[in-house]
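Here's the structure, in structure tokens; my notes come after.
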Amino acid sequence: METSYEDFEPLCKWRRDQNCDKLEVHLPGFRRQQLKVEIHSSGILEISGERLMDEGKSKRIISRFRKEFLVSEDYQRTQIRAKFYNGILHLVMPKQIIPTISAPAGGGGDENNDDKASSSGTSYLTCLMKLNKSIALEIMILAISLAIIVAYVKKYCQCSSLE
């Protein structure tokens, strides 16, 4: 018996949210057992499927598809979930949660800020200011440490090049 394959491109719809992205793959006529969803260690999400379309005495026709998507590091790869119902494969891909440093409860920021400023922008600026203070403090500590080392070397070492 001869087998022929009909490759097709399923309709895919992306929905992007703040916390996760959702992918809908429209697969009318397919059953869950005919589908395969895999995420490879290389970060490739592979969705494939095959189903028998027609079987005659001398020939059978199989409809098949294969889709690949690169899943970026922005997603929690181990938390990607897939559900299939009503001919649609639904994939939910949660995004990585990036911790933010929020402003102290007493305000702690610039009192003259416009009330219309977004809270996410304010928390980003607060985080950036704290980061800059932390970096400045580390630079000061390194400079003081270097000055102490140079003074020690000048006093206790017999180095003529430091004079």
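Ligands are numbered from 1 in the order shown, residues from 1 within each chain, and chains are lettered A, B, ... in the order they appear in the structure tokens.
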Nearby residues (only C-alpha atoms) at most 8 Å from segment 81-89 of chain A, same-chain spacing under 4 positions excluded, as a list in words: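 Close residues of segment 81-89 of chain A: Leu23, Glu24, Val25, His26, Leu27, Pro28, Gly29, Phe30, Arg31, Arg32, Val37 and Met93 of chain A.
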Gap from atom CA of Lys95 of chain A to atom CA of Ile135 of chain A - Å, one decimal: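 Computing it gives 28.5 Å between the two atoms.
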Residue with smallest distance to Phe69 of chain A - pool A:Ser48, A:Gln33, A:Gln18, A:Thr3, counting only C-alpha atoms: A:Ser48
Near-segment 72-80 of chain A list (10 Å; only C-alpha atoms; drop same-chain fewer than 3 positions) as a list in words: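 After dropping sequence-adjacent residues, the list is Asn19, Cys20, Asp21, Lys22, Ile39, His40, Ser41, Gly43, Ile44, Leu45, Phe69, Leu91, Val92, Met93, Pro94, Lys95, Gln96, Ile97 and Ile98 of chain A.
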From A:Gln34, A:Lys67, A:His90, A:Ile149, residue lying nearest Trp14 of chain A [only C-alpha atoms]: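 Using only C-alpha atoms, Trp14 of chain A sits closest to A:His90.
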Two-atom distance - atom CA of Lys13 of chain A, atom CA of Lys36 of chain A (Å):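 That distance, rounded to one decimal, is 18.3 Å.
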